[in-house]
file run_26.txt (compact mmCIF, N, CA and C atoms)
# COMPACT_ATOMS: atom_id res chain seq x y z
N MET A 1 -32.36 -17.93 -2.68
CA MET A 1 -32.38 -16.60 -2.10
C MET A 1 -33.41 -15.77 -2.83
N SER A 2 -34.53 -15.52 -2.20
CA SER A 2 -35.61 -14.80 -2.86
C SER A 2 -35.66 -13.33 -2.46
N GLU A 3 -34.84 -12.92 -1.51
CA GLU A 3 -34.84 -11.54 -1.07
C GLU A 3 -34.37 -10.62 -2.20
N TYR A 4 -35.03 -9.48 -2.31
CA TYR A 4 -34.75 -8.50 -3.36
C TYR A 4 -33.61 -7.59 -2.89
N GLY A 5 -32.55 -7.47 -3.65
CA GLY A 5 -31.45 -6.60 -3.27
C GLY A 5 -30.18 -6.88 -4.03
N ARG A 6 -29.17 -6.08 -3.74
CA ARG A 6 -27.90 -6.12 -4.46
C ARG A 6 -26.77 -6.72 -3.62
N PHE A 7 -25.74 -7.15 -4.33
CA PHE A 7 -24.47 -7.46 -3.71
C PHE A 7 -23.44 -6.47 -4.26
N ILE A 8 -22.49 -6.14 -3.43
CA ILE A 8 -21.40 -5.25 -3.83
C ILE A 8 -20.14 -6.11 -3.96
N GLY A 9 -19.51 -6.05 -5.13
CA GLY A 9 -18.25 -6.76 -5.36
C GLY A 9 -17.08 -5.87 -5.01
N ILE A 10 -16.07 -6.45 -4.37
CA ILE A 10 -14.92 -5.67 -3.91
C ILE A 10 -13.62 -6.37 -4.30
N ASP A 11 -12.77 -5.62 -5.01
CA ASP A 11 -11.43 -6.09 -5.36
C ASP A 11 -10.45 -5.26 -4.54
N VAL A 12 -9.91 -5.86 -3.48
CA VAL A 12 -9.04 -5.14 -2.54
C VAL A 12 -7.60 -5.19 -3.03
N GLY A 13 -7.00 -4.03 -3.17
CA GLY A 13 -5.59 -3.94 -3.54
C GLY A 13 -4.83 -3.17 -2.48
N THR A 14 -3.53 -3.11 -2.62
CA THR A 14 -2.72 -2.41 -1.62
C THR A 14 -2.92 -0.89 -1.70
N LYS A 15 -3.19 -0.38 -2.90
CA LYS A 15 -3.37 1.07 -3.08
C LYS A 15 -4.81 1.45 -3.40
N ARG A 16 -5.45 0.64 -4.23
CA ARG A 16 -6.81 0.96 -4.70
C ARG A 16 -7.73 -0.21 -4.46
N ILE A 17 -9.03 0.12 -4.39
CA ILE A 17 -10.05 -0.90 -4.20
C ILE A 17 -11.14 -0.67 -5.25
N GLY A 18 -11.37 -1.68 -6.07
CA GLY A 18 -12.40 -1.61 -7.10
C GLY A 18 -13.73 -2.08 -6.55
N LEU A 19 -14.81 -1.39 -6.97
CA LEU A 19 -16.16 -1.77 -6.55
C LEU A 19 -17.04 -2.05 -7.76
N ALA A 20 -17.96 -2.97 -7.56
CA ALA A 20 -18.98 -3.29 -8.56
C ALA A 20 -20.28 -3.56 -7.81
N ARG A 21 -21.39 -3.55 -8.52
CA ARG A 21 -22.67 -3.89 -7.87
C ARG A 21 -23.49 -4.74 -8.81
N SER A 22 -24.34 -5.55 -8.20
CA SER A 22 -25.26 -6.36 -8.99
C SER A 22 -26.54 -5.57 -9.22
N ASP A 23 -27.34 -6.04 -10.14
CA ASP A 23 -28.68 -5.50 -10.28
C ASP A 23 -29.51 -6.06 -9.12
N LEU A 24 -30.71 -5.57 -8.93
CA LEU A 24 -31.53 -5.98 -7.79
C LEU A 24 -31.94 -7.45 -7.85
N LEU A 25 -31.96 -8.04 -9.04
CA LEU A 25 -32.30 -9.45 -9.17
C LEU A 25 -31.07 -10.35 -9.10
N ARG A 26 -29.90 -9.74 -8.95
CA ARG A 26 -28.63 -10.45 -8.78
C ARG A 26 -28.28 -11.36 -9.95
N THR A 27 -28.37 -10.78 -11.16
CA THR A 27 -28.00 -11.54 -12.35
C THR A 27 -26.78 -10.96 -13.05
N ILE A 28 -26.60 -9.65 -13.00
CA ILE A 28 -25.52 -8.99 -13.74
C ILE A 28 -24.72 -8.07 -12.82
N ALA A 29 -23.40 -8.17 -12.92
CA ALA A 29 -22.50 -7.29 -12.17
C ALA A 29 -22.02 -6.16 -13.07
N SER A 30 -21.97 -4.96 -12.52
CA SER A 30 -21.49 -3.79 -13.26
C SER A 30 -20.45 -3.04 -12.42
N PRO A 31 -19.36 -2.59 -13.06
CA PRO A 31 -18.35 -1.83 -12.32
C PRO A 31 -18.94 -0.51 -11.82
N ILE A 32 -18.50 -0.07 -10.64
CA ILE A 32 -18.92 1.22 -10.10
C ILE A 32 -17.77 2.21 -10.19
N GLY A 33 -16.63 1.86 -9.59
CA GLY A 33 -15.49 2.77 -9.57
C GLY A 33 -14.34 2.19 -8.79
N THR A 34 -13.28 2.97 -8.71
CA THR A 34 -12.08 2.58 -7.98
C THR A 34 -11.76 3.68 -6.99
N TYR A 35 -11.44 3.28 -5.77
CA TYR A 35 -11.26 4.25 -4.68
C TYR A 35 -9.98 3.96 -3.92
N GLY A 36 -9.46 5.01 -3.28
CA GLY A 36 -8.29 4.86 -2.43
C GLY A 36 -8.70 4.21 -1.12
N ARG A 37 -7.73 3.64 -0.42
CA ARG A 37 -8.01 2.95 0.83
C ARG A 37 -8.58 3.91 1.88
N ASP A 38 -8.22 5.19 1.79
CA ASP A 38 -8.70 6.16 2.78
C ASP A 38 -10.16 6.58 2.56
N GLU A 39 -10.69 6.33 1.40
CA GLU A 39 -12.06 6.76 1.11
C GLU A 39 -13.06 5.61 0.91
N ILE A 40 -12.57 4.38 0.90
CA ILE A 40 -13.41 3.25 0.51
C ILE A 40 -14.61 3.04 1.43
N PHE A 41 -14.42 3.13 2.73
CA PHE A 41 -15.53 2.84 3.63
C PHE A 41 -16.62 3.92 3.56
N ASP A 42 -16.25 5.16 3.26
CA ASP A 42 -17.26 6.20 3.04
C ASP A 42 -18.08 5.88 1.79
N GLU A 43 -17.40 5.42 0.74
CA GLU A 43 -18.11 5.07 -0.50
C GLU A 43 -19.03 3.87 -0.28
N ILE A 44 -18.54 2.88 0.44
CA ILE A 44 -19.38 1.71 0.71
C ILE A 44 -20.58 2.10 1.57
N ARG A 45 -20.35 2.93 2.57
CA ARG A 45 -21.45 3.39 3.43
C ARG A 45 -22.53 4.09 2.59
N LYS A 46 -22.11 4.95 1.67
CA LYS A 46 -23.07 5.65 0.79
C LYS A 46 -23.90 4.65 -0.01
N LEU A 47 -23.24 3.61 -0.54
CA LEU A 47 -23.96 2.59 -1.30
C LEU A 47 -24.97 1.86 -0.42
N VAL A 48 -24.54 1.47 0.78
CA VAL A 48 -25.42 0.74 1.69
C VAL A 48 -26.62 1.60 2.08
N GLU A 49 -26.41 2.90 2.25
CA GLU A 49 -27.50 3.80 2.64
C GLU A 49 -28.51 4.03 1.52
N LYS A 50 -28.04 4.07 0.26
CA LYS A 50 -28.98 4.41 -0.83
C LYS A 50 -29.43 3.22 -1.66
N GLU A 51 -28.75 2.09 -1.57
CA GLU A 51 -29.11 0.91 -2.34
C GLU A 51 -29.66 -0.16 -1.39
N GLN A 52 -30.28 -1.17 -1.93
CA GLN A 52 -30.75 -2.30 -1.12
C GLN A 52 -29.66 -3.35 -1.13
N VAL A 53 -28.66 -3.17 -0.27
CA VAL A 53 -27.49 -4.05 -0.26
C VAL A 53 -27.73 -5.21 0.71
N LEU A 54 -27.58 -6.43 0.18
CA LEU A 54 -27.72 -7.64 0.99
C LEU A 54 -26.38 -8.10 1.54
N GLY A 55 -25.30 -7.77 0.83
CA GLY A 55 -23.99 -8.22 1.29
C GLY A 55 -22.89 -7.86 0.33
N PHE A 56 -21.70 -8.38 0.65
CA PHE A 56 -20.49 -8.07 -0.09
C PHE A 56 -19.84 -9.36 -0.60
N VAL A 57 -19.26 -9.26 -1.79
CA VAL A 57 -18.50 -10.37 -2.36
C VAL A 57 -17.08 -9.83 -2.53
N VAL A 58 -16.18 -10.39 -1.74
CA VAL A 58 -14.80 -9.90 -1.69
C VAL A 58 -13.87 -10.89 -2.38
N GLY A 59 -13.02 -10.37 -3.25
CA GLY A 59 -12.04 -11.21 -3.92
C GLY A 59 -11.03 -11.76 -2.92
N TRP A 60 -10.83 -13.07 -2.94
CA TRP A 60 -9.92 -13.76 -2.03
C TRP A 60 -8.67 -14.13 -2.82
N PRO A 61 -7.54 -13.45 -2.59
CA PRO A 61 -6.35 -13.58 -3.44
C PRO A 61 -5.47 -14.79 -3.12
N LEU A 62 -5.87 -15.93 -3.59
CA LEU A 62 -5.07 -17.14 -3.41
C LEU A 62 -3.89 -17.13 -4.37
N THR A 63 -2.85 -17.87 -4.02
CA THR A 63 -1.70 -18.00 -4.91
C THR A 63 -2.10 -18.89 -6.09
N PRO A 64 -1.28 -18.93 -7.15
CA PRO A 64 -1.62 -19.82 -8.27
C PRO A 64 -1.82 -21.28 -7.85
N LYS A 65 -1.19 -21.69 -6.75
CA LYS A 65 -1.36 -23.06 -6.25
C LYS A 65 -2.60 -23.21 -5.38
N GLY A 66 -3.34 -22.11 -5.17
CA GLY A 66 -4.55 -22.17 -4.36
C GLY A 66 -4.32 -22.01 -2.87
N GLU A 67 -3.17 -21.47 -2.50
CA GLU A 67 -2.84 -21.30 -1.09
C GLU A 67 -3.00 -19.84 -0.67
N GLU A 68 -3.14 -19.64 0.64
CA GLU A 68 -3.23 -18.29 1.18
C GLU A 68 -1.82 -17.74 1.38
N GLY A 69 -1.69 -16.41 1.31
CA GLY A 69 -0.39 -15.78 1.48
C GLY A 69 -0.52 -14.39 2.09
N LYS A 70 0.46 -13.53 1.83
CA LYS A 70 0.45 -12.18 2.38
C LYS A 70 -0.78 -11.38 1.93
N SER A 71 -1.15 -11.55 0.69
CA SER A 71 -2.30 -10.80 0.17
C SER A 71 -3.60 -11.20 0.88
N THR A 72 -3.74 -12.47 1.22
CA THR A 72 -4.96 -12.89 1.92
C THR A 72 -5.00 -12.29 3.32
N GLU A 73 -3.83 -12.09 3.95
CA GLU A 73 -3.79 -11.42 5.26
C GLU A 73 -4.32 -10.00 5.14
N MET A 74 -3.88 -9.28 4.10
CA MET A 74 -4.33 -7.90 3.88
C MET A 74 -5.84 -7.86 3.65
N VAL A 75 -6.34 -8.76 2.82
CA VAL A 75 -7.77 -8.79 2.52
C VAL A 75 -8.57 -9.20 3.76
N ASN A 76 -8.04 -10.10 4.54
CA ASN A 76 -8.74 -10.51 5.76
C ASN A 76 -8.87 -9.33 6.73
N LYS A 77 -7.86 -8.49 6.83
CA LYS A 77 -7.94 -7.28 7.67
C LYS A 77 -9.04 -6.36 7.15
N PHE A 78 -9.13 -6.24 5.83
CA PHE A 78 -10.19 -5.42 5.23
C PHE A 78 -11.56 -6.00 5.57
N ILE A 79 -11.70 -7.32 5.46
CA ILE A 79 -12.97 -7.99 5.76
C ILE A 79 -13.37 -7.76 7.22
N LEU A 80 -12.40 -7.82 8.13
CA LEU A 80 -12.70 -7.57 9.55
C LEU A 80 -13.25 -6.16 9.75
N GLN A 81 -12.68 -5.18 9.06
CA GLN A 81 -13.19 -3.81 9.14
C GLN A 81 -14.60 -3.72 8.55
N LEU A 82 -14.82 -4.42 7.45
CA LEU A 82 -16.14 -4.45 6.81
C LEU A 82 -17.18 -5.05 7.75
N GLU A 83 -16.83 -6.16 8.41
CA GLU A 83 -17.74 -6.80 9.37
C GLU A 83 -18.06 -5.87 10.54
N LYS A 84 -17.08 -5.16 11.00
CA LYS A 84 -17.26 -4.24 12.13
C LYS A 84 -18.19 -3.08 11.75
N ARG A 85 -18.04 -2.56 10.55
CA ARG A 85 -18.84 -1.41 10.11
C ARG A 85 -20.24 -1.80 9.62
N PHE A 86 -20.37 -3.01 9.08
CA PHE A 86 -21.64 -3.46 8.52
C PHE A 86 -21.96 -4.86 9.05
N PRO A 87 -22.22 -4.97 10.36
CA PRO A 87 -22.37 -6.29 10.98
C PRO A 87 -23.57 -7.11 10.51
N ASN A 88 -24.57 -6.47 9.93
CA ASN A 88 -25.78 -7.18 9.53
C ASN A 88 -25.76 -7.64 8.07
N LEU A 89 -24.66 -7.37 7.37
CA LEU A 89 -24.59 -7.74 5.96
C LEU A 89 -23.68 -8.95 5.75
N LYS A 90 -24.11 -9.79 4.84
CA LYS A 90 -23.37 -11.02 4.50
C LYS A 90 -22.06 -10.66 3.79
N ILE A 91 -21.01 -11.43 4.07
CA ILE A 91 -19.73 -11.27 3.37
C ILE A 91 -19.31 -12.63 2.84
N VAL A 92 -19.05 -12.67 1.54
CA VAL A 92 -18.65 -13.91 0.86
C VAL A 92 -17.28 -13.68 0.23
N LYS A 93 -16.40 -14.65 0.37
CA LYS A 93 -15.08 -14.60 -0.29
C LYS A 93 -15.14 -15.43 -1.57
N VAL A 94 -14.58 -14.88 -2.65
CA VAL A 94 -14.55 -15.58 -3.94
C VAL A 94 -13.11 -15.57 -4.45
N ASP A 95 -12.65 -16.71 -4.90
CA ASP A 95 -11.31 -16.85 -5.47
C ASP A 95 -11.14 -15.83 -6.59
N GLU A 96 -10.15 -14.97 -6.46
CA GLU A 96 -9.95 -13.92 -7.46
C GLU A 96 -8.75 -14.16 -8.36
N ARG A 97 -8.22 -15.36 -8.36
CA ARG A 97 -7.06 -15.63 -9.22
C ARG A 97 -7.39 -15.29 -10.68
N TYR A 98 -6.51 -14.55 -11.29
CA TYR A 98 -6.56 -14.19 -12.71
C TYR A 98 -7.68 -13.23 -13.09
N THR A 99 -8.35 -12.60 -12.11
CA THR A 99 -9.43 -11.67 -12.47
C THR A 99 -8.91 -10.44 -13.19
N SER A 100 -7.71 -9.95 -12.83
CA SER A 100 -7.15 -8.79 -13.54
C SER A 100 -6.85 -9.14 -14.99
N VAL A 101 -6.36 -10.34 -15.23
CA VAL A 101 -6.09 -10.79 -16.60
C VAL A 101 -7.41 -10.88 -17.37
N LYS A 102 -8.43 -11.45 -16.73
CA LYS A 102 -9.74 -11.56 -17.37
C LYS A 102 -10.32 -10.18 -17.65
N ALA A 103 -10.08 -9.23 -16.74
CA ALA A 103 -10.60 -7.87 -16.93
C ALA A 103 -9.99 -7.24 -18.17
N VAL A 104 -8.67 -7.39 -18.34
CA VAL A 104 -8.01 -6.84 -19.52
C VAL A 104 -8.51 -7.54 -20.78
N GLN A 105 -8.66 -8.87 -20.72
CA GLN A 105 -9.16 -9.61 -21.89
C GLN A 105 -10.55 -9.14 -22.28
N SER A 106 -11.41 -8.89 -21.29
CA SER A 106 -12.76 -8.44 -21.61
C SER A 106 -12.75 -7.04 -22.23
N MET A 107 -11.79 -6.21 -21.81
CA MET A 107 -11.67 -4.88 -22.41
C MET A 107 -11.19 -4.97 -23.86
N VAL A 108 -10.27 -5.91 -24.12
CA VAL A 108 -9.79 -6.13 -25.49
C VAL A 108 -10.97 -6.55 -26.36
N GLU A 109 -11.76 -7.52 -25.86
CA GLU A 109 -12.91 -8.01 -26.61
C GLU A 109 -13.96 -6.93 -26.85
N ALA A 110 -14.05 -5.98 -25.90
CA ALA A 110 -15.02 -4.90 -26.04
C ALA A 110 -14.50 -3.76 -26.91
N GLY A 111 -13.25 -3.86 -27.35
CA GLY A 111 -12.68 -2.84 -28.22
C GLY A 111 -12.17 -1.61 -27.48
N VAL A 112 -11.88 -1.72 -26.21
CA VAL A 112 -11.35 -0.59 -25.44
C VAL A 112 -9.93 -0.30 -25.93
N PRO A 113 -9.63 0.96 -26.24
CA PRO A 113 -8.28 1.30 -26.73
C PRO A 113 -7.19 0.91 -25.73
N LYS A 114 -6.02 0.60 -26.27
CA LYS A 114 -4.90 0.10 -25.47
C LYS A 114 -4.54 1.04 -24.31
N MET A 115 -4.52 2.33 -24.54
CA MET A 115 -4.17 3.29 -23.47
C MET A 115 -5.17 3.21 -22.31
N LYS A 116 -6.44 3.04 -22.61
CA LYS A 116 -7.45 2.93 -21.56
C LYS A 116 -7.35 1.58 -20.84
N ARG A 117 -6.93 0.55 -21.56
CA ARG A 117 -6.77 -0.78 -20.93
C ARG A 117 -5.63 -0.79 -19.93
N ARG A 118 -4.68 0.11 -20.07
CA ARG A 118 -3.55 0.18 -19.14
C ARG A 118 -3.90 0.91 -17.85
N ASN A 119 -5.04 1.55 -17.81
CA ASN A 119 -5.46 2.30 -16.63
C ASN A 119 -5.80 1.34 -15.49
N ARG A 120 -5.00 1.36 -14.43
CA ARG A 120 -5.17 0.43 -13.30
C ARG A 120 -6.53 0.59 -12.63
N LYS A 121 -7.05 1.81 -12.56
CA LYS A 121 -8.35 2.02 -11.94
C LYS A 121 -9.44 1.31 -12.73
N ARG A 122 -9.34 1.38 -14.03
CA ARG A 122 -10.32 0.71 -14.90
C ARG A 122 -10.23 -0.81 -14.71
N ILE A 123 -9.01 -1.33 -14.61
CA ILE A 123 -8.80 -2.76 -14.41
C ILE A 123 -9.35 -3.20 -13.06
N ASP A 124 -9.11 -2.41 -12.01
CA ASP A 124 -9.57 -2.76 -10.66
C ASP A 124 -11.09 -2.85 -10.57
N ARG A 125 -11.78 -1.90 -11.17
CA ARG A 125 -13.26 -1.95 -11.10
C ARG A 125 -13.82 -3.07 -11.99
N ALA A 126 -13.15 -3.34 -13.11
CA ALA A 126 -13.57 -4.46 -13.95
C ALA A 126 -13.34 -5.79 -13.23
N ALA A 127 -12.22 -5.90 -12.50
CA ALA A 127 -11.93 -7.11 -11.73
C ALA A 127 -12.99 -7.30 -10.64
N ALA A 128 -13.42 -6.21 -10.00
CA ALA A 128 -14.48 -6.30 -8.98
C ALA A 128 -15.76 -6.85 -9.61
N ALA A 129 -16.07 -6.41 -10.83
CA ALA A 129 -17.27 -6.91 -11.52
C ALA A 129 -17.13 -8.40 -11.85
N ILE A 130 -15.95 -8.83 -12.23
CA ILE A 130 -15.73 -10.25 -12.55
C ILE A 130 -15.85 -11.10 -11.28
N ILE A 131 -15.30 -10.62 -10.17
CA ILE A 131 -15.42 -11.32 -8.89
C ILE A 131 -16.90 -11.47 -8.53
N LEU A 132 -17.64 -10.38 -8.63
CA LEU A 132 -19.06 -10.41 -8.30
C LEU A 132 -19.84 -11.30 -9.25
N GLN A 133 -19.55 -11.22 -10.55
CA GLN A 133 -20.26 -12.04 -11.52
C GLN A 133 -20.01 -13.53 -11.28
N THR A 134 -18.80 -13.88 -10.86
CA THR A 134 -18.48 -15.26 -10.53
C THR A 134 -19.44 -15.76 -9.44
N TYR A 135 -19.64 -14.95 -8.41
CA TYR A 135 -20.54 -15.33 -7.33
C TYR A 135 -21.99 -15.41 -7.81
N LEU A 136 -22.41 -14.41 -8.59
CA LEU A 136 -23.80 -14.40 -9.07
C LEU A 136 -24.09 -15.64 -9.92
N ASP A 137 -23.12 -16.05 -10.73
CA ASP A 137 -23.30 -17.23 -11.57
C ASP A 137 -23.44 -18.50 -10.71
N GLN A 138 -22.78 -18.51 -9.57
CA GLN A 138 -22.89 -19.66 -8.65
C GLN A 138 -24.27 -19.74 -7.99
N LEU A 139 -24.95 -18.61 -7.90
CA LEU A 139 -26.28 -18.58 -7.27
C LEU A 139 -27.34 -19.21 -8.14
N LYS A 140 -27.12 -19.26 -9.44
CA LYS A 140 -28.12 -19.77 -10.39
C LYS A 140 -28.31 -21.25 -10.28

call {"tool": "encode", "arguments": {"input": "run_26.txt", "output": "structure tokens"}}
result
Amino acid sequence: MSEYGRFIGIDVGTKRIGLARSDLLRTIASPIGTYGRDEIFDEIRKLVEKEQVLGFVVGWPLTPKGEEGKSTEMVNKFILQLEKRFPNLKIVKVDERYTSVKAVQSMVEAGVPKMKRRNRKRIDRAAAAIILQTYLDQLK
């Protein structure tokens, strides 16, 4: 993939959705923020309008056994809305098992204080960055 542009990582939850973005060369994922379900598509639209977005990497919530469940139904509904609103952009699903755990571990390693590590919004956006970084690493 030689096209210049970014991917947006998305961690879809029942209440909040974490976002991350890659750099233009698609090597590093960085957290952007966490948004409510009622505001997420406005935020994504703003990113698509001002950034060179090539597509989205959405966390696919498989069970520990690797099976689909209720959470995958919810995420699939979100993906259908994303496809409808942004039909020309690529959408990739990435296994998101244990990304929240990895997000907390990375905050511990970075020395983030315990009270800040408990902040669900911080965890959600870090999980989005981990989901996106997983995909970017596969591109190499």

call {"tool": "residues_near_point", "arguments": {"input": "run_26.txt", "point": "(-25.4, -2.8, -4.3)", "cutoff": "7 Å", "atoms": "only N, CA and C atoms", "output": "compact mmCIF listing (two decimals) with N, CA and C atoms, in the coordinates of the input"}}
result
# COMPACT_ATOMS: atom_id res chain seq x y z
N GLY A 5 -32.55 -7.47 -3.65
CA GLY A 5 -31.45 -6.60 -3.27
C GLY A 5 -30.18 -6.88 -4.03
N ARG A 6 -29.17 -6.08 -3.74
CA ARG A 6 -27.90 -6.12 -4.46
C ARG A 6 -26.77 -6.72 -3.62
N PHE A 7 -25.74 -7.15 -4.33
CA PHE A 7 -24.47 -7.46 -3.71
C PHE A 7 -23.44 -6.47 -4.26
N ILE A 8 -22.49 -6.14 -3.43
CA ILE A 8 -21.40 -5.25 -3.83
C ILE A 8 -20.14 -6.11 -3.96
N GLY A 9 -19.51 -6.05 -5.13
CA GLY A 9 -18.25 -6.76 -5.36
C GLY A 9 -17.08 -5.87 -5.01
N ALA A 20 -17.96 -2.97 -7.56
CA ALA A 20 -18.98 -3.29 -8.56
C ALA A 20 -20.28 -3.56 -7.81
N ARG A 21 -21.39 -3.55 -8.52
CA ARG A 21 -22.67 -3.89 -7.87
C ARG A 21 -23.49 -4.74 -8.81
N SER A 22 -24.34 -5.55 -8.20
CA SER A 22 -25.26 -6.36 -8.99
C SER A 22 -26.54 -5.57 -9.22
N ASP A 23 -27.34 -6.04 -10.14
CA ASP A 23 -28.68 -5.50 -10.28
C ASP A 23 -29.51 -6.06 -9.12
N LEU A 47 -23.24 3.61 -0.54
CA LEU A 47 -23.96 2.59 -1.30
C LEU A 47 -24.97 1.86 -0.42
N VAL A 48 -24.54 1.47 0.78
CA VAL A 48 -25.42 0.74 1.69
C VAL A 48 -26.62 1.60 2.08
N GLU A 51 -28.75 2.09 -1.57
CA GLU A 51 -29.11 0.91 -2.34
C GLU A 51 -29.66 -0.16 -1.39
N GLN A 52 -30.28 -1.17 -1.93
CA GLN A 52 -30.75 -2.30 -1.12
C GLN A 52 -29.66 -3.35 -1.13
N VAL A 53 -28.66 -3.17 -0.27
CA VAL A 53 -27.49 -4.05 -0.26
C VAL A 53 -27.73 -5.21 0.71
N LEU A 54 -27.58 -6.43 0.18
CA LEU A 54 -27.72 -7.64 0.99
C LEU A 54 -26.38 -8.10 1.54

call {"tool": "residues_around", "arguments": {"input": "run_26.txt", "residues": "Gln133 in chain A", "least_positions_apart": "3", "cutoff": "8 Å", "atoms": "all atoms listed in the file", "output": "CSV table (one decimal) with N, CA and C atoms, in the coordinates of the input"}}
result
chain,number,residue,atom,x,y,z
A,9,GLY,N,-19.5,-6.0,-5.1
A,9,GLY,CA,-18.2,-6.8,-5.4
A,9,GLY,C,-17.1,-5.9,-5.0
A,21,ARG,N,-21.4,-3.6,-8.5
A,21,ARG,CA,-22.7,-3.9,-7.9
A,21,ARG,C,-23.5,-4.7,-8.8
A,22,SER,N,-24.3,-5.6,-8.2
A,22,SER,CA,-25.3,-6.4,-9.0
A,22,SER,C,-26.5,-5.6,-9.2
A,27,THR,N,-28.4,-10.8,-11.2
A,27,THR,CA,-28.0,-11.5,-12.4
A,27,THR,C,-26.8,-11.0,-13.0
A,28,ILE,N,-26.6,-9.6,-13.0
A,28,ILE,CA,-25.5,-9.0,-13.7
A,28,ILE,C,-24.7,-8.1,-12.8
A,29,ALA,N,-23.4,-8.2,-12.9
A,29,ALA,CA,-22.5,-7.3,-12.2
A,29,ALA,C,-22.0,-6.2,-13.1
A,30,SER,N,-22.0,-5.0,-12.5
A,30,SER,CA,-21.5,-3.8,-13.3
A,30,SER,C,-20.4,-3.0,-12.4
A,127,ALA,N,-12.2,-5.9,-12.5
A,127,ALA,CA,-11.9,-7.1,-11.7
A,127,ALA,C,-13.0,-7.3,-10.6
A,128,ALA,N,-13.4,-6.2,-10.0
A,128,ALA,CA,-14.5,-6.3,-9.0
A,128,ALA,C,-15.8,-6.8,-9.6
A,129,ALA,N,-16.1,-6.4,-10.8
A,129,ALA,CA,-17.3,-6.9,-11.5
A,129,ALA,C,-17.1,-8.4,-11.8
A,130,ILE,N,-16.0,-8.8,-12.2
A,130,ILE,CA,-15.7,-10.2,-12.6
A,130,ILE,C,-15.8,-11.1,-11.3
A,136,LEU,N,-22.4,-14.4,-8.6
A,136,LEU,CA,-23.8,-14.4,-9.1
A,136,LEU,C,-24.1,-15.6,-9.9
A,137,ASP,N,-23.1,-16.0,-10.7
A,137,ASP,CA,-23.3,-17.2,-11.6
A,137,ASP,C,-23.4,-18.5,-10.7
A,138,GLN,N,-22.8,-18.5,-9.6
A,138,GLN,CA,-22.9,-19.7,-8.6
A,138,GLN,C,-24.3,-19.7,-8.0
A,139,LEU,N,-25.0,-18.6,-7.9
A,139,LEU,CA,-26.3,-18.6,-7.3
A,139,LEU,C,-27.3,-19.2,-8.1

call {"tool": "axis_aligned_box", "arguments": {"input": "run_26.txt", "around": "range 93-107 of chain A", "padding_each_side": "8 Å", "output": "AutoDock Vina command-line options"}}
result
--center_x -11.2 --center_y -10.9 --center_z -11.7 --size_x 26.3 --size_y 28.0 --size_z 40.2

call {"tool": "select_by_dssp", "arguments": {"input": "run_26.txt", "residues": "chain A", "states": "strand (DSSP E or B)", "output": "VMD selection string"}}
result
chain A and resid 6 to 12 16 to 22 29 to 36 53 to 60 90 to 95

call {"tool": "residues_around", "arguments": {"input": "run_26.txt", "residues": "Leu89 in chain A", "least_positions_apart": "2", "cutoff": "6.5 Å", "atoms": "all atoms listed in the file", "output": "CSV table (one decimal) with N, CA and C atoms, keeping the file's coordinate frame"}}
result
chain,number,residue,atom,x,y,z
A,54,LEU,N,-27.6,-6.4,0.2
A,54,LEU,CA,-27.7,-7.6,1.0
A,54,LEU,C,-26.4,-8.1,1.5
A,55,GLY,N,-25.3,-7.8,0.8
A,55,GLY,CA,-24.0,-8.2,1.3
A,55,GLY,C,-22.9,-7.9,0.3
A,56,PHE,N,-21.7,-8.4,0.6
A,56,PHE,CA,-20.5,-8.1,-0.1
A,56,PHE,C,-19.8,-9.4,-0.6
A,86,PHE,N,-20.4,-3.0,9.1
A,86,PHE,CA,-21.6,-3.5,8.5
A,86,PHE,C,-22.0,-4.9,9.0
A,87,PRO,N,-22.2,-5.0,10.4
A,87,PRO,CA,-22.4,-6.3,11.0
A,87,PRO,C,-23.6,-7.1,10.5
A,91,ILE,N,-21.0,-11.4,4.1
A,91,ILE,CA,-19.7,-11.3,3.4
A,91,ILE,C,-19.3,-12.6,2.8

call {"tool": "closest_residue", "arguments": {"input": "run_26.txt", "among": "A:Lys90, A:Lys15, A:Arg97, A:Lys46", "to": "Trp60 in chain A", "atoms": "all atoms listed in the file"}}
result
A:Arg97

call {"tool": "atom_distance", "arguments": {"input": "run_26.txt", "atom1": "atom N of Lys121 in chain A", "atom2": "CA of Asp38 in chain A"}}
result
16.0 Å

call {"tool": "select_by_dssp", "arguments": {"input": "run_26.txt", "residues": "chain A", "states": "helix (DSSP H, G or I)", "output": "PyMOL selection string"}}
result
chain A and resi 40-50+70-85+99-109+114-117+120-139

call {"tool": "residues_around", "arguments": {"input": "run_26.txt", "residues": "Val75 in chain A", "least_positions_apart": "5", "cutoff": "8 Å", "atoms": "all atoms listed in the file", "output": "list in words"}}
result
Val12, Gly13, Gly59, Trp60, Pro61, Lys70, Leu80 and Gln81 of chain A

call {"tool": "closest_residue", "arguments": {"input": "run_26.txt", "among": "A:Arg120, A:Ala126, A:Met115, A:Asp11", "to": "Ala103 in chain A", "atoms": "only C-alpha atoms"}}
result
A:Ala126

call {"tool": "atom_distance", "arguments": {"input": "run_26.txt", "atom1": "CA of Gly69 in chain A", "atom2": "CA of Asp95 in chain A"}}
result
13.0 Å

call {"tool": "atom_distance", "arguments": {"input": "run_26.txt", "atom1": "CA of Asn76 in chain A", "atom2": "CA of Ile123 in chain A"}}
result
21.6 Å

call {"tool": "closest_residue", "arguments": {"input": "run_26.txt", "among": "A:Val58, A:Leu24, A:Ile10, A:Ile44", "to": "Val92 in chain A", "atoms": "all atoms listed in the file"}}
result
A:Val58
